[in-house]
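So this block is my_file_32.csv, CSV, N, CA and C atoms:
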```
chain,number,residue,atom,x,y,z
A,178,MET,N,-21.7,-46.5,5.3
A,178,MET,CA,-21.1,-45.3,5.9
A,178,MET,C,-19.7,-45.1,5.3
A,179,GLU,N,-19.0,-46.2,5.0
A,179,GLU,CA,-17.7,-46.1,4.3
A,179,GLU,C,-17.8,-45.5,2.9
A,180,LYS,N,-18.9,-45.9,2.3
A,180,LYS,CA,-19.1,-45.3,0.9
A,180,LYS,C,-19.3,-43.8,0.9
A,181,LYS,N,-20.0,-43.3,1.9
A,181,LYS,CA,-20.2,-41.9,2.1
A,181,LYS,C,-18.9,-41.2,2.3
A,182,ALA,N,-18.1,-41.8,3.2
A,182,ALA,CA,-16.8,-41.2,3.5
A,182,ALA,C,-15.9,-41.2,2.3
A,183,SER,N,-15.9,-42.2,1.5
A,183,SER,CA,-15.0,-42.3,0.4
A,183,SER,C,-15.5,-41.3,-0.7
A,184,ASN,N,-16.8,-41.0,-0.7
A,184,ASN,CA,-17.3,-39.9,-1.6
A,184,ASN,C,-16.9,-38.5,-1.2
A,185,LEU,N,-16.6,-38.4,0.1
A,185,LEU,CA,-16.3,-37.0,0.6
A,185,LEU,C,-14.8,-36.7,0.4
A,186,VAL,N,-14.0,-37.7,0.3
A,186,VAL,CA,-12.5,-37.5,0.1
A,186,VAL,C,-12.2,-36.6,-1.1
A,187,PRO,N,-12.7,-36.9,-2.3
A,187,PRO,CA,-12.4,-35.9,-3.4
A,187,PRO,C,-12.9,-34.5,-3.1
A,188,GLY,N,-14.0,-34.4,-2.5
A,188,GLY,CA,-14.5,-33.0,-2.2
A,188,GLY,C,-13.6,-32.3,-1.2
A,189,ILE,N,-13.1,-33.1,-0.2
A,189,ILE,CA,-12.2,-32.5,0.8
A,189,ILE,C,-10.9,-32.0,0.1
A,190,GLU,N,-10.4,-32.8,-0.8
A,190,GLU,CA,-9.2,-32.5,-1.5
A,190,GLU,C,-9.4,-31.2,-2.4
A,191,VAL,N,-10.6,-31.1,-3.0
A,191,VAL,CA,-10.9,-29.9,-3.8
A,191,VAL,C,-11.0,-28.7,-2.9
A,192,LEU,N,-11.6,-28.8,-1.7
A,192,LEU,CA,-11.6,-27.7,-0.8
A,192,LEU,C,-10.3,-27.3,-0.3
A,193,ARG,N,-9.4,-28.3,-0.1
A,193,ARG,CA,-8.0,-28.0,0.4
A,193,ARG,C,-7.3,-27.2,-0.7
A,194,GLU,N,-7.4,-27.7,-2.0
A,194,GLU,CA,-6.8,-27.0,-3.1
A,194,GLU,C,-7.3,-25.5,-3.2
A,195,GLU,N,-8.6,-25.4,-3.1
A,195,GLU,CA,-9.2,-24.0,-3.2
A,195,GLU,C,-8.7,-23.1,-2.0
A,196,GLN,N,-8.6,-23.7,-0.8
A,196,GLN,CA,-8.1,-23.0,0.3
A,196,GLN,C,-6.7,-22.6,0.1
A,197,ALA,N,-5.9,-23.4,-0.5
A,197,ALA,CA,-4.5,-23.1,-0.8
A,197,ALA,C,-4.4,-21.9,-1.8
A,198,LYS,N,-5.3,-22.0,-2.8
A,198,LYS,CA,-5.3,-20.9,-3.8
A,198,LYS,C,-5.7,-19.6,-3.2
A,199,ILE,N,-6.7,-19.7,-2.3
A,199,ILE,CA,-7.2,-18.4,-1.6
A,199,ILE,C,-6.1,-17.9,-0.7
A,200,SER,N,-5.3,-18.7,-0.1
A,200,SER,CA,-4.2,-18.3,0.8
A,200,SER,C,-3.2,-17.5,-0.1
A,201,VAL,N,-2.9,-18.1,-1.2
A,201,VAL,CA,-1.9,-17.5,-2.1
A,201,VAL,C,-2.4,-16.1,-2.6
A,202,LEU,N,-3.7,-16.1,-2.9
A,202,LEU,CA,-4.3,-14.8,-3.4
A,202,LEU,C,-4.3,-13.7,-2.3
A,203,LYS,N,-4.6,-14.2,-1.1
A,203,LYS,CA,-4.6,-13.2,0.0
A,203,LYS,C,-3.2,-12.7,0.3
A,204,GLU,N,-2.2,-13.5,0.3
A,204,GLU,CA,-0.9,-13.1,0.5
A,204,GLU,C,-0.4,-12.1,-0.6
A,205,ALA,N,-0.8,-12.4,-1.8
A,205,ALA,CA,-0.5,-11.5,-2.9
A,205,ALA,C,-1.2,-10.2,-2.8
A,206,GLU,N,-2.4,-10.2,-2.3
A,206,GLU,CA,-3.1,-8.9,-2.1
A,206,GLU,C,-2.5,-8.1,-1.0
A,207,TRP,N,-2.1,-8.8,0.1
A,207,TRP,CA,-1.4,-8.0,1.2
A,207,TRP,C,-0.1,-7.4,0.7
A,208,GLN,N,0.6,-8.2,-0.1
A,208,GLN,CA,1.9,-7.6,-0.7
A,208,GLN,C,1.6,-6.4,-1.6
A,209,ARG,N,0.6,-6.5,-2.4
A,209,ARG,CA,0.2,-5.4,-3.2
A,209,ARG,C,-0.2,-4.1,-2.4
A,210,ILE,N,-1.0,-4.4,-1.3
A,210,ILE,CA,-1.4,-3.3,-0.4
A,210,ILE,C,-0.2,-2.7,0.3
A,211,ASN,N,0.7,-3.5,0.7
A,211,ASN,CA,1.9,-3.0,1.4
A,211,ASN,C,2.8,-2.2,0.5
A,212,ALA,N,2.9,-2.6,-0.8
A,212,ALA,CA,3.7,-1.9,-1.8
A,212,ALA,C,3.0,-0.5,-2.1
A,213,GLU,N,1.7,-0.5,-2.1
A,213,GLU,CA,1.0,0.7,-2.4
A,213,GLU,C,1.1,1.7,-1.2
A,214,VAL,N,1.1,1.2,0.0
A,214,VAL,CA,1.3,2.0,1.2
A,214,VAL,C,2.7,2.6,1.2
A,215,ALA,N,3.7,1.8,0.8
A,215,ALA,CA,5.1,2.3,0.7
A,215,ALA,C,5.2,3.4,-0.3
A,216,ALA,N,4.6,3.2,-1.4
A,216,ALA,CA,4.6,4.2,-2.5
A,216,ALA,C,4.0,5.5,-2.0
A,217,LEU,N,2.8,5.4,-1.3
A,217,LEU,CA,2.2,6.6,-0.8
A,217,LEU,C,3.0,7.3,0.2
A,218,LYS,N,3.7,6.5,1.1
A,218,LYS,CA,4.6,7.1,2.0
A,218,LYS,C,5.7,7.9,1.3
A,219,CYS,N,6.3,7.3,0.3
A,219,CYS,CA,7.3,8.0,-0.5
A,219,CYS,C,6.8,9.3,-1.2
A,220,GLU,N,5.6,9.2,-1.7
A,220,GLU,CA,4.9,10.3,-2.3
A,220,GLU,C,4.7,11.4,-1.3
A,221,THR,N,4.2,11.1,-0.1
A,221,THR,CA,4.0,12.0,0.9
A,221,THR,C,5.2,12.7,1.3
A,222,GLN,N,6.3,12.0,1.5
A,222,GLN,CA,7.6,12.5,1.8
A,222,GLN,C,8.1,13.5,0.8
A,223,SER,N,7.9,13.1,-0.5
A,223,SER,CA,8.3,14.0,-1.6
A,223,SER,C,7.5,15.3,-1.6
A,224,LEU,N,6.2,15.2,-1.3
A,224,LEU,CA,5.3,16.4,-1.3
A,224,LEU,C,5.7,17.3,-0.1
A,225,ARG,N,6.0,16.7,1.0
A,225,ARG,CA,6.4,17.5,2.2
A,225,ARG,C,7.7,18.2,1.9
A,226,ALA,N,8.7,17.6,1.2
A,226,ALA,CA,9.9,18.3,0.8
A,226,ALA,C,9.6,19.4,-0.1
A,227,TYR,N,8.7,19.2,-1.1
A,227,TYR,CA,8.4,20.2,-2.0
A,227,TYR,C,7.7,21.4,-1.3
A,228,LEU,N,6.8,21.1,-0.4
A,228,LEU,CA,6.2,22.1,0.4
A,228,LEU,C,7.2,22.9,1.2
A,229,ASP,N,8.2,22.2,1.8
A,229,ASP,CA,9.2,22.9,2.5
A,229,ASP,C,10.0,23.9,1.6
A,230,LEU,N,10.3,23.4,0.4
A,230,LEU,CA,11.0,24.2,-0.6
A,230,LEU,C,10.2,25.5,-0.9
A,231,LEU,N,8.9,25.3,-1.2
A,231,LEU,CA,8.0,26.4,-1.5
A,231,LEU,C,8.0,27.4,-0.3
A,232,GLU,N,7.9,26.9,0.9
A,232,GLU,CA,7.8,27.8,2.1
A,232,GLU,C,9.2,28.6,2.2
A,233,TYR,N,10.3,27.9,1.9
A,233,TYR,CA,11.6,28.6,1.9
A,233,TYR,C,11.6,29.7,0.9
A,234,ASN,N,11.2,29.4,-0.3
A,234,ASN,CA,11.2,30.3,-1.4
A,234,ASN,C,10.3,31.5,-1.1
A,235,ILE,N,9.1,31.3,-0.5
A,235,ILE,CA,8.3,32.4,-0.1
A,235,ILE,C,9.0,33.3,0.9
A,236,GLU,N,9.6,32.7,1.9
A,236,GLU,CA,10.4,33.5,2.9
A,236,GLU,C,11.5,34.3,2.3
A,237,GLN,N,12.2,33.7,1.3
A,237,GLN,CA,13.2,34.4,0.6
A,237,GLN,C,12.7,35.6,-0.1
A,238,MET,N,11.5,35.4,-0.8
A,238,MET,CA,10.9,36.5,-1.5
A,238,MET,C,10.4,37.6,-0.6
A,239,ARG,N,9.9,37.2,0.5
A,239,ARG,CA,9.5,38.2,1.5
A,239,ARG,C,10.7,39.0,2.0
A,240,GLY,N,11.7,38.3,2.2
A,240,GLY,CA,12.9,39.0,2.7
A,240,GLY,C,13.4,40.0,1.6
A,241,LYS,N,13.3,39.7,0.4
A,241,LYS,CA,13.8,40.6,-0.7
A,241,LYS,C,12.8,41.8,-0.8
A,242,VAL,N,11.5,41.6,-0.6
A,242,VAL,CA,10.6,42.7,-0.7
A,242,VAL,C,10.8,43.7,0.5
A,243,GLN,N,11.0,43.1,1.7
A,243,GLN,CA,11.1,44.0,2.8
A,243,GLN,C,12.4,44.8,2.9
A,244,GLN,N,13.5,44.4,2.2
A,244,GLN,CA,14.8,45.1,2.3
A,244,GLN,C,14.7,46.4,1.5
A,245,PRO,N,15.1,47.5,2.1
A,245,PRO,CA,15.1,48.7,1.4
A,245,PRO,C,16.3,48.7,0.4
A,246,GLU,N,16.0,49.4,-0.7
A,246,GLU,CA,17.0,49.4,-1.8
A,246,GLU,C,17.9,50.6,-1.7
```

So that I can check it, write out the structure of this file as structure tokens.
Amino acid sequence: MEKKASNLVPGIEVLREEQAKISVLKEAEWQRINAEVAALKCETQSLRAYLDLLEYNIEQMRGKVQQPE
């Protein structure tokens, strides 16, 4: 029985090392995802500002067309 247990110890260590690697990879993936989400939020904000500017310009042009000369 002790021989079986001693044979399992190296396997357990390998599993712990693999588990540690997986944890690091998972954390890195979450950081990548969070960075991508932040970038998309910035892009969305930029697009909203651009849309507001376009709407403002459209309103300015409508005002110029409606004014009698």

Inset, instruction - Please indicate the distance in Å from atom N of Leu224 of chain A to atom CA of Arg239 of chain A, rounded to one decimal place. - result: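 If I compute the distance from atom N of Leu224 of chain A to atom CA of Arg239 of chain A, I get 23.4 Å.
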
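One finds atom CA of Gly240 of chain A at 27.0 Å from atom CA of Gln222 of chain A.
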
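If you look at atom CA of Ser200 of chain A and atom CA of Asn184 of chain A, they are 25.4 Å away from each other.
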